[in-house]
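Source file: entry16.pdb. Holds: PDB, C-alpha atoms.
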ATOM      1  CA  MET A  50      34.654  57.547  -1.526
ATOM      2  CA  ALA A  51      37.656  56.115  -3.386
ATOM      3  CA  SER A  52      37.042  52.694  -1.855
ATOM      4  CA  GLU A  53      33.382  52.849  -2.900
ATOM      5  CA  SER A  54      34.257  53.590  -6.527
ATOM      6  CA  ARG A  55      36.902  50.806  -6.400
ATOM      7  CA  LEU A  56      34.226  48.434  -5.066
ATOM      8  CA  ARG A  57      31.819  49.443  -7.850
ATOM      9  CA  ILE A  58      34.473  48.995 -10.559
ATOM     10  CA  LYS A  59      35.610  45.563  -9.381
ATOM     11  CA  THR A  60      31.963  44.444  -9.022
ATOM     12  CA  LEU A  61      31.122  45.581 -12.562
ATOM     13  CA  VAL A  62      34.288  43.911 -13.935
ATOM     14  CA  MET A  63      33.235  40.619 -12.285
ATOM     15  CA  VAL A  64      29.624  40.922 -13.539
ATOM     16  CA  PHE A  65      30.973  41.621 -17.048
ATOM     17  CA  SER A  66      33.197  38.529 -16.768
ATOM     18  CA  MET A  67      30.142  36.485 -15.638
ATOM     19  CA  VAL A  68      28.055  37.632 -18.612
ATOM     20  CA  VAL A  69      30.840  37.055 -21.176
ATOM     21  CA  CYS A  70      31.772  33.621 -19.775
ATOM     22  CA  ALA A  71      28.142  32.428 -19.463
ATOM     23  CA  ASN A  72      27.227  33.506 -23.013
ATOM     24  CA  ALA A  73      30.424  32.174 -24.592
ATOM     25  CA  GLY A  74      30.033  28.904 -22.638
ATOM     26  CA  ASP A  75      26.381  28.448 -23.693
ATOM     27  CA  LEU A  76      27.119  29.212 -27.360
ATOM     28  CA  LEU A  77      30.131  26.854 -27.438
ATOM     29  CA  LEU A  78      28.157  24.116 -25.685
ATOM     30  CA  LYS A  79      25.337  24.487 -28.200
ATOM     31  CA  ARG A  80      27.863  24.319 -31.062
ATOM     32  CA  GLY A  81      29.715  21.349 -29.547
ATOM     33  CA  MET A  82      26.514  19.365 -28.976
ATOM     34  CA  SER A  83      25.283  20.181 -32.515
ATOM     35  CA  GLU A  84      28.559  18.769 -33.876
ATOM     36  CA  ILE A  85      27.969  15.578 -31.866
ATOM     37  CA  GLY A  86      24.358  15.303 -33.070
ATOM     38  CA  PRO A  87      21.250  13.863 -31.368
ATOM     39  CA  VAL A  88      22.080  11.478 -28.502
ATOM     40  CA  GLN A  89      20.447   8.030 -28.781
ATOM     41  CA  LEU A  90      18.909   7.080 -25.424
ATOM     42  CA  THR A  91      20.345   3.541 -25.344
ATOM     43  CA  VAL A  92      23.312   2.263 -23.304
ATOM     44  CA  HIS A  93      25.476   2.198 -26.435
ATOM     45  CA  GLY A  94      24.174   5.618 -27.611
ATOM     46  CA  VAL A  95      24.874   7.319 -24.256
ATOM     47  CA  ALA A  96      28.336   5.693 -24.009
ATOM     48  CA  GLU A  97      29.175   6.818 -27.535
ATOM     49  CA  ALA A  98      27.913  10.362 -26.803
ATOM     50  CA  PHE A  99      30.028  10.450 -23.630
ATOM     51  CA  ARG A 100      33.140   9.419 -25.613
ATOM     52  CA  MET A 101      32.465  12.127 -28.214
ATOM     53  CA  ILE A 102      31.776  14.777 -25.525
ATOM     54  CA  VAL A 103      35.033  14.152 -23.612
ATOM     55  CA  THR A 104      37.062  14.257 -26.854
ATOM     56  CA  SER A 105      35.348  17.386 -28.232
ATOM     57  CA  GLY A 106      37.568  20.490 -28.055
ATOM     58  CA  THR A 107      34.494  22.731 -28.398
ATOM     59  CA  VAL A 108      32.798  21.129 -25.374
ATOM     60  CA  TRP A 109      36.002  21.516 -23.313
ATOM     61  CA  ALA A 110      36.218  25.183 -24.334
ATOM     62  CA  ALA A 111      32.571  25.549 -23.218
ATOM     63  CA  ILE A 112      33.364  23.896 -19.863
ATOM     64  CA  LEU A 113      36.321  26.282 -19.421
ATOM     65  CA  PHE A 114      34.086  29.328 -19.981
ATOM     66  CA  LEU A 115      31.311  27.953 -17.740
ATOM     67  CA  SER A 116      33.899  27.331 -14.980
ATOM     68  CA  GLY A 117      35.016  30.943 -15.479
ATOM     69  CA  PHE A 118      31.387  31.995 -14.980
ATOM     70  CA  LEU A 119      31.076  30.007 -11.734
ATOM     71  CA  MET A 120      34.366  31.407 -10.371
ATOM     72  CA  SER A 121      33.404  35.017 -11.213
ATOM     73  CA  TYR A 122      29.934  34.479  -9.699
ATOM     74  CA  MET A 123      31.279  32.995  -6.460
ATOM     75  CA  THR A 124      33.961  35.667  -6.136
ATOM     76  CA  VAL A 125      31.662  38.644  -6.684
ATOM     77  CA  LEU A 126      29.111  37.261  -4.190
ATOM     78  CA  SER A 127      31.798  37.292  -1.504
ATOM     79  CA  TRP A 128      31.558  41.084  -1.350
ATOM     80  CA  ALA A 129      28.545  42.278  -3.389
ATOM     81  CA  ASP A 130      24.808  41.978  -2.665
ATOM     82  CA  TYR A 131      22.944  39.060  -4.243
ATOM     83  CA  SER A 132      20.122  41.501  -5.100
ATOM     84  CA  TYR A 133      22.711  43.567  -7.034
ATOM     85  CA  VAL A 134      24.494  40.749  -8.896
ATOM     86  CA  MET A 135      21.382  38.723  -9.859
ATOM     87  CA  PRO A 136      19.561  41.384 -11.956
ATOM     88  CA  ALA A 137      22.848  42.749 -13.345
ATOM     89  CA  GLY A 138      23.592  39.254 -14.707
ATOM     90  CA  ALA A 139      20.392  39.479 -16.812
ATOM     91  CA  PHE A 140      22.333  41.879 -19.047
ATOM     92  CA  GLY A 141      23.377  38.637 -20.782
ATOM     93  CA  TYR A 142      19.929  38.410 -22.442
ATOM     94  CA  ALA A 143      20.557  41.817 -24.067
ATOM     95  CA  VAL A 144      24.095  40.836 -25.149
ATOM     96  CA  LEU A 145      22.829  37.539 -26.604
ATOM     97  CA  THR A 146      20.154  39.361 -28.645
ATOM     98  CA  LEU A 147      22.769  41.792 -30.011
ATOM     99  CA  LEU A 148      25.142  38.904 -30.854
ATOM    100  CA  ALA A 149      22.296  37.074 -32.629
ATOM    101  CA  VAL A 150      21.594  40.164 -34.761
ATOM    102  CA  ILE A 151      25.246  40.987 -35.517
ATOM    103  CA  PHE A 152      26.714  37.521 -36.106
ATOM    104  CA  LEU A 153      23.762  35.252 -36.908
ATOM    105  CA  HIS A 154      21.762  37.959 -38.795
ATOM    106  CA  GLU A 155      18.614  36.870 -36.956
ATOM    107  CA  SER A 156      15.579  39.121 -37.208
ATOM    108  CA  VAL A 157      14.350  40.357 -33.819
ATOM    109  CA  SER A 158      10.718  41.270 -33.137
ATOM    110  CA  PRO A 159       9.812  44.726 -31.735
ATOM    111  CA  ARG A 160       8.564  42.968 -28.570
ATOM    112  CA  ARG A 161      12.008  41.434 -28.026
ATOM    113  CA  TRP A 162      13.723  44.812 -28.618
ATOM    114  CA  LEU A 163      11.377  46.333 -25.998
ATOM    115  CA  GLY A 164      12.466  43.548 -23.609
ATOM    116  CA  VAL A 165      16.147  44.327 -24.275
ATOM    117  CA  LEU A 166      15.469  48.025 -23.611
ATOM    118  CA  LEU A 167      13.691  47.243 -20.295
ATOM    119  CA  ILE A 168      16.572  44.962 -19.216
ATOM    120  CA  CYS A 169      19.137  47.683 -20.023
ATOM    121  CA  ILE A 170      17.191  50.357 -18.081
ATOM    122  CA  GLY A 171      16.676  47.907 -15.177
ATOM    123  CA  VAL A 172      20.370  46.978 -15.074
ATOM    124  CA  LEU A 173      21.371  50.684 -15.210
ATOM    125  CA  LEU A 174      18.998  51.415 -12.302
ATOM    126  CA  VAL A 175      20.345  48.524 -10.205
ATOM    127  CA  GLY A 176      23.916  49.409 -11.251
ATOM    128  CA  GLN A 177      23.720  52.879  -9.748
ATOM    129  CA  THR A 178      22.694  51.556  -6.291
ATOM    130  CA  LYS A 179      25.362  50.607  -3.716
ATOM    131  CA  PRO A 180      26.835  47.182  -4.647
ATOM    132  CA  ARG A 181      27.177  46.256  -0.952
ATOM    133  CA  THR A 182      24.717  47.022   1.843
ATOM    134  CA  THR A 183      25.809  44.424   4.427
ATOM    135  CA  GLU A 184      28.990  44.034   6.480
ATOM    136  CA  VAL A 185      31.473  41.662   4.824
ATOM    137  CA  PRO A 186      34.637  40.520   6.632
ATOM    138  CA  SER A 187      37.901  40.257   4.704
ATOM    139  CA  GLU A 188      39.257  36.780   3.969
ATOM    140  CA  ALA A 189      42.146  37.351   6.411
ATOM    141  CA  ALA A 190      39.730  38.239   9.221
ATOM    142  CA  VAL A 191      37.765  34.996   8.717
ATOM    143  CA  ALA A 192      40.857  32.743   8.421
TER
ATOM    144  CA  MET B 288      -1.894  22.363 -14.550
ATOM    145  CA  MET B 289      -1.163  21.503 -10.915
ATOM    146  CA  ARG B 290       2.004  19.569 -11.808
ATOM    147  CA  VAL B 291       3.273  22.542 -13.902
ATOM    148  CA  ILE B 292       2.746  24.936 -10.971
ATOM    149  CA  LEU B 293       4.517  22.483  -8.641
ATOM    150  CA  ALA B 294       7.502  22.055 -11.013
ATOM    151  CA  LEU B 295       7.682  25.827 -11.500
ATOM    152  CA  ALA B 296       7.703  26.319  -7.707
ATOM    153  CA  VAL B 297      10.559  23.774  -7.376
ATOM    154  CA  LEU B 298      12.438  25.543 -10.214
ATOM    155  CA  ILE B 299      12.100  29.022  -8.692
ATOM    156  CA  LEU B 300      12.529  28.090  -5.021
ATOM    157  CA  GLY B 301      15.393  25.668  -5.826
ATOM    158  CA  SER B 302      17.414  28.188  -7.846
ATOM    159  CA  THR B 303      16.739  31.056  -5.446
ATOM    160  CA  GLY B 304      17.373  28.929  -2.346
ATOM    161  CA  GLY B 305      20.584  27.538  -3.863
ATOM    162  CA  GLU B 306      21.894  30.959  -4.824
ATOM    163  CA  ILE B 307      21.045  32.408  -1.409
ATOM    164  CA  ALA B 308      22.864  29.506   0.319
ATOM    165  CA  ILE B 309      25.932  30.038  -1.921
ATOM    166  CA  THR B 310      25.826  33.803  -1.292
ATOM    167  CA  HIS B 311      25.711  33.164   2.463
ATOM    168  CA  GLY B 312      28.635  30.733   2.137
ATOM    169  CA  MET B 313      30.681  33.220   0.101
ATOM    170  CA  LYS B 314      29.945  36.050   2.546
ATOM    171  CA  SER B 315      31.101  33.896   5.469
ATOM    172  CA  THR B 316      34.268  32.975   3.528
ATOM    173  CA  GLY B 317      35.044  36.697   3.377
ATOM    174  CA  GLU B 318      36.170  39.039   0.630
ATOM    175  CA  PRO B 319      39.418  37.960  -1.101
ATOM    176  CA  GLU B 320      42.386  40.195  -0.255
ATOM    177  CA  ARG B 321      43.659  40.246  -3.834
ATOM    178  CA  LEU B 322      42.248  39.390  -7.236
ATOM    179  CA  ARG B 323      45.390  37.636  -8.548
ATOM    180  CA  PRO B 324      44.969  34.132 -10.087
ATOM    181  CA  ARG B 325      46.837  32.246  -7.329
ATOM    182  CA  ALA B 326      45.126  34.130  -4.489
ATOM    183  CA  LEU B 327      41.740  33.655  -6.170
ATOM    184  CA  LEU B 328      42.271  29.917  -6.569
ATOM    185  CA  GLN B 329      43.181  29.592  -2.866
ATOM    186  CA  PHE B 330      40.117  31.680  -1.997
ATOM    187  CA  LEU B 331      37.814  29.460  -4.100
ATOM    188  CA  CYS B 332      39.275  26.313  -2.498
ATOM    189  CA  ARG B 333      38.516  27.797   0.930
ATOM    190  CA  ALA B 334      34.972  28.661  -0.198
ATOM    191  CA  MET B 335      34.402  25.064  -1.307
ATOM    192  CA  ARG B 336      35.091  23.881   2.225
ATOM    193  CA  ASN B 337      32.094  25.904   3.413
ATOM    194  CA  GLY B 338      28.973  23.829   4.178
ATOM    195  CA  TRP B 339      26.594  26.473   2.774
ATOM    196  CA  PHE B 340      28.224  26.106  -0.642
ATOM    197  CA  TRP B 341      27.438  22.376  -0.626
ATOM    198  CA  ALA B 342      23.890  23.076   0.611
ATOM    199  CA  GLY B 343      23.357  25.314  -2.404
ATOM    200  CA  ILE B 344      24.605  22.914  -5.096
ATOM    201  CA  PRO B 345      21.899  20.177  -4.677
ATOM    202  CA  LEU B 346      19.177  22.851  -4.575
ATOM    203  CA  MET B 347      20.451  24.277  -7.865
ATOM    204  CA  ALA B 348      20.708  20.762  -9.334
ATOM    205  CA  LEU B 349      17.085  20.099  -8.278
ATOM    206  CA  SER B 350      16.066  23.364  -9.925
ATOM    207  CA  PHE B 351      17.910  22.416 -13.136
ATOM    208  CA  TYR B 352      16.199  19.008 -13.168
ATOM    209  CA  SER B 353      12.849  20.740 -12.716
ATOM    210  CA  LEU B 354      13.693  23.040 -15.653
ATOM    211  CA  LEU B 355      14.383  20.023 -17.878
ATOM    212  CA  VAL B 356      11.100  18.380 -16.812
ATOM    213  CA  LEU B 357       9.149  21.611 -17.439
ATOM    214  CA  LEU B 358      10.737  21.990 -20.883
ATOM    215  CA  SER B 359       9.532  18.497 -21.761
ATOM    216  CA  TRP B 360       5.950  19.488 -20.831
ATOM    217  CA  GLU B 361       5.641  23.115 -21.911
ATOM    218  CA  PRO B 362       7.126  25.350 -24.671
ATOM    219  CA  ILE B 363      10.244  27.378 -23.841
ATOM    220  CA  THR B 364       8.261  30.581 -24.529
ATOM    221  CA  PHE B 365       6.224  29.729 -21.422
ATOM    222  CA  VAL B 366       8.943  28.227 -19.194
ATOM    223  CA  ILE B 367      11.602  30.990 -19.375
ATOM    224  CA  PRO B 368       9.179  33.938 -18.914
ATOM    225  CA  ALA B 369       7.517  32.108 -15.998
ATOM    226  CA  SER B 370      10.903  31.398 -14.395
ATOM    227  CA  ALA B 371      11.726  35.156 -14.567
ATOM    228  CA  LEU B 372       9.639  35.379 -11.392
ATOM    229  CA  SER B 373      12.805  34.129  -9.649
ATOM    230  CA  TYR B 374      14.203  37.714  -9.890
ATOM    231  CA  VAL B 375      11.386  38.915  -7.635
ATOM    232  CA  VAL B 376      11.535  35.887  -5.279
ATOM    233  CA  GLY B 377      15.353  36.249  -5.126
ATOM    234  CA  THR B 378      15.077  39.921  -4.188
ATOM    235  CA  PHE B 379      12.646  39.049  -1.368
ATOM    236  CA  GLY B 380      15.131  36.380  -0.226
ATOM    237  CA  ALA B 381      17.981  38.898  -0.334
ATOM    238  CA  LYS B 382      15.968  41.339   1.756
ATOM    239  CA  TYR B 383      14.514  39.005   4.385
ATOM    240  CA  ILE B 384      17.074  36.165   4.586
ATOM    241  CA  LEU B 385      20.371  37.852   3.672
ATOM    242  CA  ARG B 386      19.249  41.162   5.264
ATOM    243  CA  GLU B 387      20.335  43.237   2.267
ATOM    244  CA  ASP B 388      19.075  46.806   2.044
ATOM    245  CA  VAL B 389      16.970  46.746  -1.133
ATOM    246  CA  SER B 390      16.276  50.371  -2.114
ATOM    247  CA  VAL B 391      13.300  51.545  -4.202
ATOM    248  CA  ALA B 392      15.638  52.072  -7.212
ATOM    249  CA  ARG B 393      16.844  48.476  -6.933
ATOM    250  CA  TRP B 394      13.259  47.150  -6.692
ATOM    251  CA  VAL B 395      12.231  49.141  -9.789
ATOM    252  CA  GLY B 396      15.352  47.867 -11.604
ATOM    253  CA  VAL B 397      14.562  44.238 -10.659
ATOM    254  CA  LEU B 398      10.943  44.574 -11.858
ATOM    255  CA  LEU B 399      12.082  46.118 -15.173
ATOM    256  CA  VAL B 400      14.631  43.303 -15.658
ATOM    257  CA  CYS B 401      11.923  40.726 -14.865
ATOM    258  CA  ALA B 402       9.512  42.298 -17.402
ATOM    259  CA  GLY B 403      12.333  42.556 -19.954
ATOM    260  CA  VAL B 404      13.294  38.878 -19.599
ATOM    261  CA  ILE B 405       9.612  37.899 -20.060
ATOM    262  CA  LEU B 406       9.408  39.932 -23.294
ATOM    263  CA  VAL B 407      12.773  38.679 -24.650
ATOM    264  CA  ALA B 408      11.990  35.025 -23.914
ATOM    265  CA  ALA B 409       8.458  35.270 -25.292
ATOM    266  CA  GLY B 410      10.090  36.572 -28.512
TER
END

Step by step, read the file and then write its structure as structure tokens.
Amino acid sequence: MASESRLRIKTLVMVFSMVVCANAGDLLLKRGMSEIGPVQLTVHGVAEAFRMIVTSGTVWAAILFLSGFLMSYMTVLSWADYSYVMPAGAFGYAVLTLLAVIFLHESVSPRRWLGVLLICIGVLLVGQTKPRTTEVPSEAAVA
Amino acid sequence: MMRVILALAVLILGSTGGEIAITHGMKSTGEPERLRPRALLQFLCRAMRNGWFWAGIPLMALSFYSLLVLLSWEPITFVIPASALSYVVGTFGAKYILREDVSVARWVGVLLVCAGVILVAAG
């Protein structure tokens, strides 16, 4: 029982890390690319955009967060079900809507709020199922 | 219309297929013993030597390319809700390919998430 609650906690921590890293990465990437401006689709334009991208601190911060997302995603899939992690990750849509309301003061339609509510109920339903339903060897056993 | 359906199929099957291949690769790498930074880094390096991981990456890249193409043809309020179907396809893949035990509660949760994503993306 203790190991099952430990498994659930570490899975939820990893899913939370995925959601935070993916949202922060997307927002930073959007901000970084807005700072760079529209990319001209010519050889010179693409080369110039590349130079600005690799010297942009915001884009590097975005890459760091998106790498964090990939690492959390890969790690959690080594023990948890794909059918558990995939819908739980959709919680990001709800977080993004809340962030847009709180920080960007965007107005949100009732239809979108209903969507957020359905995602939250769906994630809660999936969250209370067993995170792992298949046999998973430990890393030491595979090595 | 036909080309949109085809691109949507590539988007959904590519992302789902890629994620299933990566999940299979991660499961065969095994669960990490500890969640400390050094141990995790070693674990991730081991995972990247797994062939299934590298089978998944091109499928996900193909899916991403298909997403970009679809976004150039159709509005985002159509593309993202339509791609939410990947939650259902992914759950079928988890059940029949990865042999996960998908309970009724999990199915209901997946369908609610799918409907929610459609509503959020449609705005």

Query raised in the report: Mind listing as a PyMOL selection string which residues of chain B are within 9 Å of chain A, counting only C-alpha atoms?
Result: chain B and resi 306-307+309-320+327-328+330-331+334+374+377-382+385-390+392-410

Requested in this report: Kindly give the distance, in Å, that separates atom CA of Val297 of chain B and atom CA of Ile367 of chain B, rounded to a single decimal.
Outcome: 14.0 Å

Query - d(atom CA of Leu153 of chain A, atom CA of Val68 of chain A) in Å - result: 18.9 Å

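In this structure, atom CA of Ser359 of chain B sits 25.9 Å away from atom CA of Val103 of chain A.
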
Report task. Given the file shown, determine the residues that the PyMOL selection byres ((chain B and resi 351) around 12) selects; report them as a ChimeraX atom specification. Result -> /B:294-295,297-303,305,344-350,352-358,370
